[in-house]
file input-v2.cif (mmCIF, C-alpha atoms)
data_structure
#
loop_
_atom_site.group_PDB
_atom_site.id
_atom_site.type_symbol
_atom_site.label_atom_id
_atom_site.label_comp_id
_atom_site.auth_asym_id
_atom_site.auth_seq_id
_atom_site.Cartn_x
_atom_site.Cartn_y
_atom_site.Cartn_z
ATOM 1 C CA LEU G 1 27.797 -58.337 82.919
ATOM 2 C CA GLN G 2 28.094 -59.336 86.581
ATOM 3 C CA CYS G 3 26.563 -56.194 88.089
ATOM 4 C CA PRO G 4 25.500 -52.825 86.596
ATOM 5 C CA LYS G 5 26.231 -51.116 89.918
ATOM 6 C CA LEU G 6 29.857 -52.258 89.759
ATOM 7 C CA LEU G 7 30.026 -51.194 86.104
ATOM 8 C CA TRP G 8 28.798 -47.685 86.974
ATOM 9 C CA HIS G 9 31.372 -47.322 89.759
ATOM 10 C CA ALA G 10 34.194 -48.492 87.489
ATOM 11 C CA TYR G 11 33.588 -45.485 85.220
ATOM 12 C CA ASN G 12 32.123 -42.828 87.525
ATOM 13 C CA ALA G 13 33.453 -43.522 91.025
ATOM 14 C CA ASN G 14 36.538 -45.627 90.555
ATOM 15 C CA ASP G 15 38.111 -44.147 93.688
ATOM 16 C CA LEU G 16 35.511 -46.048 95.755
ATOM 17 C CA ILE G 17 36.716 -49.403 94.427
ATOM 18 C CA PRO G 18 39.450 -50.707 96.745
ATOM 19 C CA GLU G 19 42.727 -51.971 95.373
ATOM 20 C CA ALA G 20 43.229 -55.705 95.099
ATOM 21 C CA ASP G 21 44.081 -57.381 98.406
ATOM 22 C CA ALA G 22 46.866 -59.946 98.774
ATOM 23 C CA ARG G 23 44.570 -62.836 97.868
ATOM 24 C CA GLN G 24 43.308 -61.188 94.707
ATOM 25 C CA GLN G 25 46.816 -60.060 93.751
ATOM 26 C CA ALA G 26 47.998 -63.662 94.072
ATOM 27 C CA VAL G 27 45.277 -64.675 91.604
ATOM 28 C CA PHE G 28 46.473 -61.984 89.174
ATOM 29 C CA ASP G 29 50.093 -63.094 89.572
ATOM 30 C CA GLN G 30 49.124 -66.695 88.910
ATOM 31 C CA GLY G 31 47.318 -65.603 85.769
ATOM 32 C CA HIS G 32 50.431 -63.796 84.507
ATOM 33 C CA GLU G 33 52.534 -66.896 85.154
ATOM 34 C CA VAL G 34 50.100 -69.158 83.296
ATOM 35 C CA GLY G 35 49.926 -66.650 80.431
ATOM 36 C CA ALA G 36 53.708 -66.660 80.120
ATOM 37 C CA LEU G 37 53.705 -70.470 79.920
ATOM 38 C CA ALA G 38 51.050 -70.386 77.186
ATOM 39 C CA LYS G 39 53.160 -68.029 75.082
ATOM 40 C CA ARG G 40 55.883 -70.687 74.977
ATOM 41 C CA LEU G 41 53.563 -72.699 72.715
ATOM 42 C CA TYR G 42 54.263 -70.043 70.058
ATOM 43 C CA PRO G 43 58.045 -69.469 70.110
ATOM 44 C CA ASP G 44 57.915 -67.102 67.121
ATOM 45 C CA GLY G 45 55.197 -64.967 68.713
ATOM 46 C CA VAL G 46 55.389 -61.189 69.028
ATOM 47 C CA GLU G 47 54.480 -59.235 72.179
ATOM 48 C CA VAL G 48 52.444 -56.173 71.157
ATOM 49 C CA GLY G 49 52.657 -52.924 73.079
ATOM 50 C CA GLU G 50 54.548 -54.284 76.065
ATOM 51 C CA ASN G 51 54.480 -51.691 78.890
ATOM 52 C CA VAL G 52 52.409 -49.335 76.688
ATOM 53 C CA THR G 53 49.396 -47.949 78.582
ATOM 54 C CA ASP G 54 47.944 -45.618 75.935
ATOM 55 C CA LEU G 55 44.956 -47.387 74.348
ATOM 56 C CA GLU G 56 45.221 -45.752 70.933
ATOM 57 C CA GLU G 57 48.919 -46.542 70.763
ATOM 58 C CA THR G 58 48.334 -50.235 71.507
ATOM 59 C CA VAL G 59 45.781 -50.363 68.687
ATOM 60 C CA ARG G 60 48.233 -48.703 66.280
ATOM 61 C CA LEU G 61 51.035 -51.089 67.237
ATOM 62 C CA THR G 62 48.696 -54.024 66.692
ATOM 63 C CA ARG G 63 47.845 -52.850 63.176
ATOM 64 C CA GLU G 64 51.556 -52.809 62.399
ATOM 65 C CA ALA G 65 52.105 -56.236 63.964
ATOM 66 C CA LEU G 66 49.261 -57.815 61.950
ATOM 67 C CA ARG G 67 51.363 -57.394 58.818
ATOM 68 C CA THR G 68 53.976 -59.807 60.147
ATOM 69 C CA ARG G 69 51.468 -62.716 60.102
ATOM 70 C CA LYS G 70 53.088 -64.076 63.251
ATOM 71 C CA PRO G 71 51.338 -65.111 66.479
ATOM 72 C CA LEU G 72 50.594 -61.976 68.508
ATOM 73 C CA PHE G 73 50.397 -61.638 72.287
ATOM 74 C CA GLU G 74 48.279 -58.971 74.044
ATOM 75 C CA ASP G 75 47.228 -57.411 70.739
ATOM 76 C CA ALA G 76 44.641 -54.627 70.995
ATOM 77 C CA PHE G 77 41.565 -53.629 68.994
ATOM 78 C CA ALA G 78 38.897 -50.957 69.363
ATOM 79 C CA ALA G 79 35.529 -50.434 67.674
ATOM 80 C CA HIS G 80 32.284 -48.622 68.527
ATOM 81 C CA GLY G 81 33.457 -47.649 72.005
ATOM 82 C CA ALA G 82 34.659 -51.160 72.857
ATOM 83 C CA TYR G 83 38.291 -52.121 73.461
ATOM 84 C CA CYS G 84 39.868 -55.533 73.964
ATOM 85 C CA ARG G 85 43.231 -57.245 74.135
ATOM 86 C CA THR G 86 43.439 -60.905 73.183
ATOM 87 C CA ASP G 87 45.827 -63.265 74.939
ATOM 88 C CA ILE G 88 46.994 -64.897 71.724
ATOM 89 C CA LEU G 89 46.057 -64.187 68.108
ATOM 90 C CA ALA G 90 47.361 -66.939 65.803
ATOM 91 C CA PRO G 91 47.527 -66.583 62.009
ATOM 92 C CA ALA G 92 45.173 -68.835 60.023
ATOM 93 C CA PRO G 93 44.819 -69.501 56.267
ATOM 94 C CA ASN G 94 43.433 -66.913 53.832
ATOM 95 C CA GLY G 95 44.403 -63.935 55.980
ATOM 96 C CA ALA G 96 42.205 -64.944 58.916
ATOM 97 C CA TRP G 97 43.149 -65.343 62.585
ATOM 98 C CA ASP G 98 42.381 -67.662 65.491
ATOM 99 C CA VAL G 99 41.550 -66.100 68.869
ATOM 100 C CA ILE G 100 43.003 -67.997 71.836
ATOM 101 C CA GLU G 101 41.974 -67.091 75.378
ATOM 102 C CA VAL G 102 44.175 -68.415 78.212
ATOM 103 C CA LYS G 103 42.621 -69.230 81.598
ATOM 104 C CA CYS G 104 43.932 -70.691 84.870
ATOM 105 C CA THR G 105 40.841 -72.862 85.275
ATOM 106 C CA THR G 106 40.622 -76.576 84.492
ATOM 107 C CA SER G 107 37.385 -76.371 82.503
ATOM 108 C CA VAL G 108 35.277 -74.078 80.321
ATOM 109 C CA LYS G 109 32.918 -71.697 82.126
ATOM 110 C CA ASP G 110 30.106 -69.470 80.847
ATOM 111 C CA VAL G 111 32.084 -66.332 81.650
ATOM 112 C CA HIS G 112 34.824 -67.524 79.279
ATOM 113 C CA LEU G 113 32.318 -67.716 76.426
ATOM 114 C CA HIS G 114 31.197 -64.136 77.040
ATOM 115 C CA ASP G 115 34.846 -63.063 77.174
ATOM 116 C CA LEU G 116 35.623 -64.673 73.822
ATOM 117 C CA ALA G 117 32.386 -63.423 72.239
ATOM 118 C CA PHE G 118 33.249 -59.843 73.171
ATOM 119 C CA GLN G 119 36.735 -60.193 71.708
ATOM 120 C CA ALA G 120 35.456 -61.819 68.507
ATOM 121 C CA TRP G 121 32.839 -59.069 68.090
ATOM 122 C CA VAL G 122 35.382 -56.263 68.538
ATOM 123 C CA LEU G 123 37.815 -57.896 66.092
ATOM 124 C CA ALA G 124 35.073 -58.347 63.504
ATOM 125 C CA GLN G 125 33.972 -54.716 63.877
ATOM 126 C CA ALA G 126 37.625 -53.679 63.483
ATOM 127 C CA GLY G 127 37.812 -55.541 60.178
ATOM 128 C CA VAL G 128 39.766 -58.591 61.346
ATOM 129 C CA ALA G 129 38.631 -61.963 59.989
ATOM 130 C CA VAL G 130 38.269 -64.491 62.827
ATOM 131 C CA ARG G 131 38.370 -68.143 61.764
ATOM 132 C CA ARG G 132 38.125 -70.026 65.055
ATOM 133 C CA CYS G 133 38.005 -69.324 68.803
ATOM 134 C CA PHE G 134 39.720 -71.446 71.452
ATOM 135 C CA LEU G 135 39.995 -71.586 75.213
ATOM 136 C CA LEU G 136 43.353 -72.755 76.499
ATOM 137 C CA HIS G 137 42.891 -74.057 80.035
ATOM 138 C CA ILE G 138 44.894 -76.167 82.484
ATOM 139 C CA ASN G 139 44.856 -79.920 81.958
ATOM 140 C CA PRO G 140 43.473 -81.297 85.259
ATOM 141 C CA ASP G 141 45.401 -84.561 84.710
ATOM 142 C CA PHE G 142 48.756 -82.822 84.314
ATOM 143 C CA VAL G 143 51.490 -84.035 86.671
ATOM 144 C CA ARG G 144 54.677 -82.041 86.852
ATOM 145 C CA ARG G 145 57.885 -83.997 86.472
ATOM 146 C CA GLY G 146 60.780 -81.578 86.116
ATOM 147 C CA PRO G 147 60.341 -78.367 84.064
ATOM 148 C CA VAL G 148 56.761 -77.565 83.037
ATOM 149 C CA ASP G 149 55.983 -78.629 79.474
ATOM 150 C CA PRO G 150 53.289 -76.244 78.138
ATOM 151 C CA ARG G 151 52.216 -78.833 75.555
ATOM 152 C CA ARG G 152 51.148 -81.121 78.395
ATOM 153 C CA LEU G 153 50.033 -78.416 80.831
ATOM 154 C CA PHE G 154 47.317 -76.963 78.578
ATOM 155 C CA MET G 155 44.208 -78.260 76.853
ATOM 156 C CA ALA G 156 42.763 -76.379 73.867
ATOM 157 C CA VAL G 157 38.968 -76.414 73.502
ATOM 158 C CA GLU G 158 37.386 -75.001 70.368
ATOM 159 C CA LEU G 159 34.354 -72.835 71.150
ATOM 160 C CA THR G 160 33.752 -71.212 67.766
ATOM 161 C CA ASP G 161 30.085 -72.154 67.382
ATOM 162 C CA GLN G 162 29.132 -71.111 70.915
ATOM 163 C CA VAL G 163 31.043 -67.855 70.555
ATOM 164 C CA ARG G 164 29.443 -66.968 67.232
ATOM 165 C CA SER G 165 26.019 -67.505 68.740
ATOM 166 C CA LEU G 166 26.849 -65.151 71.623
ATOM 167 C CA THR G 167 28.374 -62.422 69.439
ATOM 168 C CA ARG G 168 24.856 -61.595 68.241
ATOM 169 C CA THR G 169 24.077 -60.345 71.753
ATOM 170 C CA VAL G 170 27.176 -58.179 72.219
ATOM 171 C CA ALA G 171 25.939 -55.011 70.505
ATOM 172 C CA ASP G 172 22.727 -54.860 72.568
ATOM 173 C CA ALA G 173 24.644 -55.629 75.772
ATOM 174 C CA LEU G 174 27.055 -52.772 75.049
ATOM 175 C CA ASP G 175 24.150 -50.368 74.476
ATOM 176 C CA ASP G 176 22.720 -51.343 77.857
ATOM 177 C CA GLN G 177 26.098 -50.900 79.545
ATOM 178 C CA PHE G 178 26.705 -47.486 77.970
ATOM 179 C CA ASN G 179 23.278 -46.399 79.232
ATOM 180 C CA VAL G 180 24.237 -47.509 82.756
ATOM 181 C CA ILE G 181 27.529 -45.620 82.613
ATOM 182 C CA ARG G 182 25.768 -42.398 81.543
ATOM 183 C CA GLN G 183 23.347 -42.405 84.457
ATOM 184 C CA PRO G 184 23.935 -39.634 87.045
ATOM 185 C CA GLN G 185 23.577 -42.135 89.904
ATOM 186 C CA HIS G 186 24.451 -45.791 90.202
ATOM 187 C CA PRO G 187 21.585 -48.255 89.687
ATOM 188 C CA GLU G 188 20.132 -49.910 92.770
ATOM 189 C CA VAL G 189 20.970 -53.602 92.741
ATOM 190 C CA ARG G 190 19.918 -56.009 95.470
ATOM 191 C CA ILE G 191 22.635 -58.171 96.969
ATOM 192 C CA GLY G 192 22.682 -61.832 95.994
ATOM 193 C CA PRO G 193 24.738 -64.666 94.523
ATOM 194 C CA HIS G 194 26.032 -62.354 91.774
ATOM 195 C CA CYS G 195 28.088 -60.535 94.444
ATOM 196 C CA GLY G 196 30.588 -63.381 94.290
ATOM 197 C CA ASP G 197 29.878 -65.087 90.988
ATOM 198 C CA PRO G 198 31.760 -65.382 88.735
ATOM 199 C CA TYR G 199 34.232 -63.135 90.601
ATOM 200 C CA PRO G 200 34.346 -61.633 94.113
ATOM 201 C CA CYS G 201 32.999 -58.080 93.842
ATOM 202 C CA PRO G 202 35.239 -55.340 95.263
ATOM 203 C CA LEU G 203 32.154 -53.354 96.307
ATOM 204 C CA GLN G 204 30.819 -56.094 98.548
ATOM 205 C CA ASP G 205 31.791 -54.326 101.780
ATOM 206 C CA ARG G 206 29.791 -51.252 100.700
ATOM 207 C CA CYS G 207 26.744 -53.131 99.450
ATOM 208 C CA TRP G 208 26.623 -55.556 102.396
ATOM 209 C CA GLY G 209 27.557 -52.979 105.057
ATOM 210 C CA SER G 210 24.062 -52.758 106.568
ATOM 211 C CA LEU G 211 24.026 -56.421 107.562
ATOM 212 C CA PRO G 212 24.870 -57.619 111.099
ATOM 213 C CA LYS G 213 28.494 -58.714 111.477
ATOM 214 C CA HIS G 214 27.698 -62.405 111.759
ATOM 215 C CA SER G 215 24.681 -62.541 109.454
ATOM 216 C CA VAL G 216 23.979 -65.847 107.727
#
call {"tool": "encode", "arguments": {"input": "input-v2.cif", "output": "structure tokens"}}
result
Amino acid sequence: LQCPKLLWHAYNANDLIPEADARQQAVFDQGHEVGALAKRLYPDGVEVGENVTDLEETVRLTREALRTRKPLFEDAFAAHGAYCRTDILAPAPNGAWDVIEVKCTTSVKDVHLHDLAFQAWVLAQAGVAVRRCFLLHINPDFVRRGPVDPRRLFMAVELTDQVRSLTRTVADALDDQFNVIRQPQHPEVRIGPHCGDPYPCPLQDRCWGSLPKHSV
């Protein structure tokens, strides 16, 4: 969604995308740490496909885990060329499930809504009934005193209505993205604010390379 040029490179010229630098890796590591704390809210939860890299295998393991009706972590679903893994999938009444996305931020952002909408769409296409969607983010008023208590660290915000509204756009967005991926050459995209919003783009050095070193 951020840039079709980056999307094309991710599938057709991935070797041109540099590996994460130390700063970006620190962000990833922080995310893993926050995710581990969130899982402590569900002590009977089940980790699905831990250390499994094969996509089809993670989907198969998830199908097996769904039968347990326990909270699932990193469960995987695929439908119509789309694949997702949810942070937490919590059982709800009548065989339905709640999707819970965990973020390091202290508030809800638009990109989080798109993230949840994509997950909800994939789950629905895979035949999984989704009851509600939540974002679990850091409580900005949290003060640590001793060991971190996840019940005080996190705030849960229900975003079901917003997510359901956005899911209606997912299918068309995927069609557009598949069309981009199939192009023989990457699309030409002018540089702009999207190069760093919502995330720093790893292709920025290539796209901005023609500018003077100290350009405004």
call {"tool": "residues_around", "arguments": {"input": "input-v2.cif", "residues": "segment 94-99 of chain G", "least_positions_apart": "6", "cutoff": "9 Å", "atoms": "all atoms listed in the file", "output": "ChimeraX atom specification"}}
result
/G:69,86-88,116,119-120,128-135
call {"tool": "resolve_selection", "arguments": {"input": "input-v2.cif", "expression": "the PyMOL selection byres ((chain G and resi 185) around 12)", "output": "ChimeraX atom specification"}}
result
/G:4-9,11-13,179-184,186-188
call {"tool": "atom_distance", "arguments": {"input": "input-v2.cif", "atom1": "atom CA of Pro91 of chain G", "atom2": "atom CA of Leu123 of chain G"}}
result
13.7 Å
call {"tool": "atom_distance", "arguments": {"input": "input-v2.cif", "atom1": "atom CA of Asp161 of chain G", "atom2": "atom CA of Val34 of chain G"}}
result
25.7 Å
call {"tool": "closest_residue", "arguments": {"input": "input-v2.cif", "among": "G:Pro140, G:Pro198, G:Gly146, G:Gly35", "to": "Val102 of chain G", "atoms": "only C-alpha atoms"}}
result
G:Gly35
call {"tool": "resolve_selection", "arguments": {"input": "input-v2.cif", "expression": "the PyMOL selection byres ((chain G and resi 191) around 10)", "output": "PyMOL selection string"}}
result
chain G and resi 3+188-190+192-196+204+207-208
call {"tool": "closest_residue", "arguments": {"input": "input-v2.cif", "among": "G:Cys104, G:Leu55, G:Ala124, G:Ala173", "to": "Ile138 of chain G", "atoms": "only C-alpha atoms"}}
result
G:Cys104
call {"tool": "axis_aligned_box", "arguments": {"input": "input-v2.cif", "around": "segment 201-208 of chain G", "padding_each_side": "8 Å", "output": "AutoDock Vina command-line options"}}
result
--center_x 30.9 --center_y -54.7 --center_z 98.1 --size_x 24.6 --size_y 22.8 --size_z 24.6
call {"tool": "residues_around", "arguments": {"input": "input-v2.cif", "residues": "Ala20 of chain G", "least_positions_apart": "4", "cutoff": "9 Å", "atoms": "only C-alpha atoms", "output": "ChimeraX atom specification"}}
result
/G:24-25,202
call {"tool": "atom_distance", "arguments": {"input": "input-v2.cif", "atom1": "atom CA of His32 of chain G", "atom2": "atom CA of Ala10 of chain G"}}
result
22.5 Å
call {"tool": "residues_around", "arguments": {"input": "input-v2.cif", "residues": "Thr68 of chain G", "least_positions_apart": "5", "cutoff": "12 Å", "atoms": "all atoms listed in the file", "output": "VMD selection string"}}
result
chain G and resid 44 to 46 48 61 to 63 90 to 91 95
call {"tool": "residues_around", "arguments": {"input": "input-v2.cif", "residues": "Ile17 of chain G", "least_positions_apart": "2", "cutoff": "7 Å", "atoms": "only C-alpha atoms", "output": "PyMOL selection string"}}
result
chain G and resi 14-15+19+202-203
call {"tool": "closest_residue", "arguments": {"input": "input-v2.cif", "among": "G:Asp141, G:Asp172, G:Glu56, G:Asp21", "to": "Phe118 of chain G", "atoms": "all atoms listed in the file"}}
result
G:Asp172
call {"tool": "residues_around", "arguments": {"input": "input-v2.cif", "residues": "Glu47 of chain G", "least_positions_apart": "4", "cutoff": "10 Å", "atoms": "only C-alpha atoms", "output": "list of chain:residue names"}}
result
G:Lys39, G:Thr62, G:Ala65, G:Pro71, G:Leu72, G:Phe73, G:Glu74, G:Asp75, G:Asp87, G:Ile88
call {"tool": "closest_residue", "arguments": {"input": "input-v2.cif", "among": "G:Val111, G:Ala156, G:Ala26, G:Ala79", "to": "Tyr199 of chain G", "atoms": "all atoms listed in the file"}}
result
G:Val111
call {"tool": "residues_near_point", "arguments": {"input": "input-v2.cif", "point": "(54.3, -79.6, 79.9)", "cutoff": "12 Å", "atoms": "all atoms listed in the file", "output": "short mmCIF file (atom, residue, chain, number, x, y, z; two decimals) with C-alpha atoms, keeping the file's coordinate frame"}}
result
data_model
loop_
_atom_site.label_atom_id
_atom_site.label_comp_id
_atom_site.auth_asym_id
_atom_site.auth_seq_id
_atom_site.Cartn_x
_atom_site.Cartn_y
_atom_site.Cartn_z
CA VAL G 34 50.10 -69.16 83.30
CA LEU G 37 53.70 -70.47 79.92
CA ALA G 38 51.05 -70.39 77.19
CA ARG G 40 55.88 -70.69 74.98
CA LEU G 41 53.56 -72.70 72.72
CA ILE G 138 44.89 -76.17 82.48
CA ASN G 139 44.86 -79.92 81.96
CA ASP G 141 45.40 -84.56 84.71
CA PHE G 142 48.76 -82.82 84.31
CA VAL G 143 51.49 -84.04 86.67
CA ARG G 144 54.68 -82.04 86.85
CA ARG G 145 57.88 -84.00 86.47
CA GLY G 146 60.78 -81.58 86.12
CA PRO G 147 60.34 -78.37 84.06
CA VAL G 148 56.76 -77.56 83.04
CA ASP G 149 55.98 -78.63 79.47
CA PRO G 150 53.29 -76.24 78.14
CA ARG G 151 52.22 -78.83 75.56
CA ARG G 152 51.15 -81.12 78.40
CA LEU G 153 50.03 -78.42 80.83
CA PHE G 154 47.32 -76.96 78.58
CA MET G 155 44.21 -78.26 76.85
#
call {"tool": "build_atoms", "arguments": {"input": "input-v2.cif", "residues": "segment 95-119 of chain G", "atoms": "N, CA, C and O atoms", "output": "PDB file, in the frame of the given file"}}
result
ATOM      1  N   GLY G  95      44.372 -65.228  55.313  1.00  0.00           N
ATOM      2  CA  GLY G  95      44.403 -63.935  55.980  1.00  0.00           C
ATOM      3  C   GLY G  95      43.586 -63.842  57.244  1.00  0.00           C
ATOM      4  O   GLY G  95      43.456 -62.763  57.817  1.00  0.00           O
ATOM      5  N   ALA G  96      43.015 -64.952  57.693  1.00  0.00           N
ATOM      6  CA  ALA G  96      42.205 -64.944  58.916  1.00  0.00           C
ATOM      7  C   ALA G  96      43.083 -65.201  60.141  1.00  0.00           C
ATOM      8  O   ALA G  96      44.293 -65.442  60.036  1.00  0.00           O
ATOM      9  N   TRP G  97      42.436 -65.161  61.325  1.00  0.00           N
ATOM     10  CA  TRP G  97      43.149 -65.343  62.585  1.00  0.00           C
ATOM     11  C   TRP G  97      42.328 -66.209  63.534  1.00  0.00           C
ATOM     12  O   TRP G  97      41.097 -66.222  63.459  1.00  0.00           O
ATOM     13  N   ASP G  98      43.028 -66.914  64.416  1.00  0.00           N
ATOM     14  CA  ASP G  98      42.381 -67.662  65.491  1.00  0.00           C
ATOM     15  C   ASP G  98      42.580 -66.917  66.805  1.00  0.00           C
ATOM     16  O   ASP G  98      43.704 -66.492  67.117  1.00  0.00           O
ATOM     17  N   VAL G  99      41.488 -66.761  67.563  1.00  0.00           N
ATOM     18  CA  VAL G  99      41.550 -66.100  68.869  1.00  0.00           C
ATOM     19  C   VAL G  99      41.710 -67.170  69.945  1.00  0.00           C
ATOM     20  O   VAL G  99      40.927 -68.120  70.002  1.00  0.00           O
ATOM     21  N   ILE G 100      42.714 -67.002  70.799  1.00  0.00           N
ATOM     22  CA  ILE G 100      43.003 -67.997  71.836  1.00  0.00           C
ATOM     23  C   ILE G 100      43.031 -67.303  73.186  1.00  0.00           C
ATOM     24  O   ILE G 100      43.876 -66.437  73.439  1.00  0.00           O
ATOM     25  N   GLU G 101      42.070 -67.661  74.034  1.00  0.00           N
ATOM     26  CA  GLU G 101      41.974 -67.091  75.378  1.00  0.00           C
ATOM     27  C   GLU G 101      42.600 -68.068  76.370  1.00  0.00           C
ATOM     28  O   GLU G 101      42.316 -69.274  76.336  1.00  0.00           O
ATOM     29  N   VAL G 102      43.460 -67.576  77.250  1.00  0.00           N
ATOM     30  CA  VAL G 102      44.175 -68.415  78.212  1.00  0.00           C
ATOM     31  C   VAL G 102      43.566 -68.209  79.599  1.00  0.00           C
ATOM     32  O   VAL G 102      43.420 -67.074  80.051  1.00  0.00           O
ATOM     33  N   LYS G 103      43.201 -69.312  80.262  1.00  0.00           N
ATOM     34  CA  LYS G 103      42.621 -69.230  81.598  1.00  0.00           C
ATOM     35  C   LYS G 103      43.310 -70.207  82.539  1.00  0.00           C
ATOM     36  O   LYS G 103      43.784 -71.259  82.123  1.00  0.00           O
ATOM     37  N   CYS G 104      43.323 -69.842  83.838  1.00  0.00           N
ATOM     38  CA  CYS G 104      43.932 -70.691  84.870  1.00  0.00           C
ATOM     39  C   CYS G 104      43.023 -71.835  85.294  1.00  0.00           C
ATOM     40  O   CYS G 104      43.448 -72.695  86.064  1.00  0.00           O
ATOM     41  N   THR G 105      41.801 -71.843  84.842  1.00  0.00           N
ATOM     42  CA  THR G 105      40.841 -72.862  85.275  1.00  0.00           C
ATOM     43  C   THR G 105      41.130 -74.209  84.602  1.00  0.00           C
ATOM     44  O   THR G 105      41.938 -74.288  83.672  1.00  0.00           O
ATOM     45  N   THR G 106      40.440 -75.247  85.066  1.00  0.00           N
ATOM     46  CA  THR G 106      40.622 -76.576  84.492  1.00  0.00           C
ATOM     47  C   THR G 106      39.432 -77.006  83.646  1.00  0.00           C
ATOM     48  O   THR G 106      39.325 -78.175  83.286  1.00  0.00           O
ATOM     49  N   SER G 107      38.549 -76.065  83.338  1.00  0.00           N
ATOM     50  CA  SER G 107      37.385 -76.371  82.503  1.00  0.00           C
ATOM     51  C   SER G 107      36.845 -75.081  81.894  1.00  0.00           C
ATOM     52  O   SER G 107      37.251 -73.980  82.282  1.00  0.00           O
ATOM     53  N   VAL G 108      35.917 -75.228  80.958  1.00  0.00           N
ATOM     54  CA  VAL G 108      35.277 -74.078  80.321  1.00  0.00           C
ATOM     55  C   VAL G 108      34.114 -73.600  81.181  1.00  0.00           C
ATOM     56  O   VAL G 108      33.313 -74.409  81.665  1.00  0.00           O
ATOM     57  N   LYS G 109      34.016 -72.275  81.366  1.00  0.00           N
ATOM     58  CA  LYS G 109      32.918 -71.697  82.126  1.00  0.00           C
ATOM     59  C   LYS G 109      32.159 -70.690  81.249  1.00  0.00           C
ATOM     60  O   LYS G 109      32.703 -70.179  80.262  1.00  0.00           O
ATOM     61  N   ASP G 110      30.921 -70.398  81.639  1.00  0.00           N
ATOM     62  CA  ASP G 110      30.106 -69.470  80.847  1.00  0.00           C
ATOM     63  C   ASP G 110      30.788 -68.118  80.677  1.00  0.00           C
ATOM     64  O   ASP G 110      30.712 -67.505  79.602  1.00  0.00           O
ATOM     65  N   VAL G 111      31.448 -67.646  81.721  1.00  0.00           N
ATOM     66  CA  VAL G 111      32.084 -66.332  81.650  1.00  0.00           C
ATOM     67  C   VAL G 111      33.174 -66.309  80.582  1.00  0.00           C
ATOM     68  O   VAL G 111      33.428 -65.272  79.963  1.00  0.00           O
ATOM     69  N   HIS G 112      33.803 -67.450  80.323  1.00  0.00           N
ATOM     70  CA  HIS G 112      34.824 -67.524  79.279  1.00  0.00           C
ATOM     71  C   HIS G 112      34.201 -67.340  77.896  1.00  0.00           C
ATOM     72  O   HIS G 112      34.796 -66.712  77.016  1.00  0.00           O
ATOM     73  N   LEU G 113      33.007 -67.879  77.705  1.00  0.00           N
ATOM     74  CA  LEU G 113      32.318 -67.716  76.426  1.00  0.00           C
ATOM     75  C   LEU G 113      31.980 -66.256  76.165  1.00  0.00           C
ATOM     76  O   LEU G 113      32.149 -65.754  75.048  1.00  0.00           O
ATOM     77  N   HIS G 114      31.500 -65.563  77.197  1.00  0.00           N
ATOM     78  CA  HIS G 114      31.197 -64.136  77.040  1.00  0.00           C
ATOM     79  C   HIS G 114      32.470 -63.342  76.744  1.00  0.00           C
ATOM     80  O   HIS G 114      32.454 -62.392  75.955  1.00  0.00           O
ATOM     81  N   ASP G 115      33.564 -63.725  77.392  1.00  0.00           N
ATOM     82  CA  ASP G 115      34.846 -63.063  77.174  1.00  0.00           C
ATOM     83  C   ASP G 115      35.270 -63.209  75.707  1.00  0.00           C
ATOM     84  O   ASP G 115      35.628 -62.227  75.036  1.00  0.00           O
ATOM     85  N   LEU G 116      35.233 -64.426  75.208  1.00  0.00           N
ATOM     86  CA  LEU G 116      35.623 -64.673  73.822  1.00  0.00           C
ATOM     87  C   LEU G 116      34.665 -64.019  72.835  1.00  0.00           C
ATOM     88  O   LEU G 116      35.086 -63.495  71.793  1.00  0.00           O
ATOM     89  N   ALA G 117      33.366 -64.031  73.141  1.00  0.00           N
ATOM     90  CA  ALA G 117      32.386 -63.423  72.239  1.00  0.00           C
ATOM     91  C   ALA G 117      32.632 -61.923  72.107  1.00  0.00           C
ATOM     92  O   ALA G 117      32.530 -61.360  71.007  1.00  0.00           O
ATOM     93  N   PHE G 118      32.953 -61.274  73.224  1.00  0.00           N
ATOM     94  CA  PHE G 118      33.249 -59.843  73.171  1.00  0.00           C
ATOM     95  C   PHE G 118      34.470 -59.585  72.302  1.00  0.00           C
ATOM     96  O   PHE G 118      34.466 -58.688  71.449  1.00  0.00           O
ATOM     97  N   GLN G 119      35.523 -60.373  72.508  1.00  0.00           N
ATOM     98  CA  GLN G 119      36.735 -60.193  71.708  1.00  0.00           C
ATOM     99  C   GLN G 119      36.459 -60.421  70.223  1.00  0.00           C
ATOM    100  O   GLN G 119      36.884 -59.631  69.370  1.00  0.00           O
TER     101      GLN G 119
END
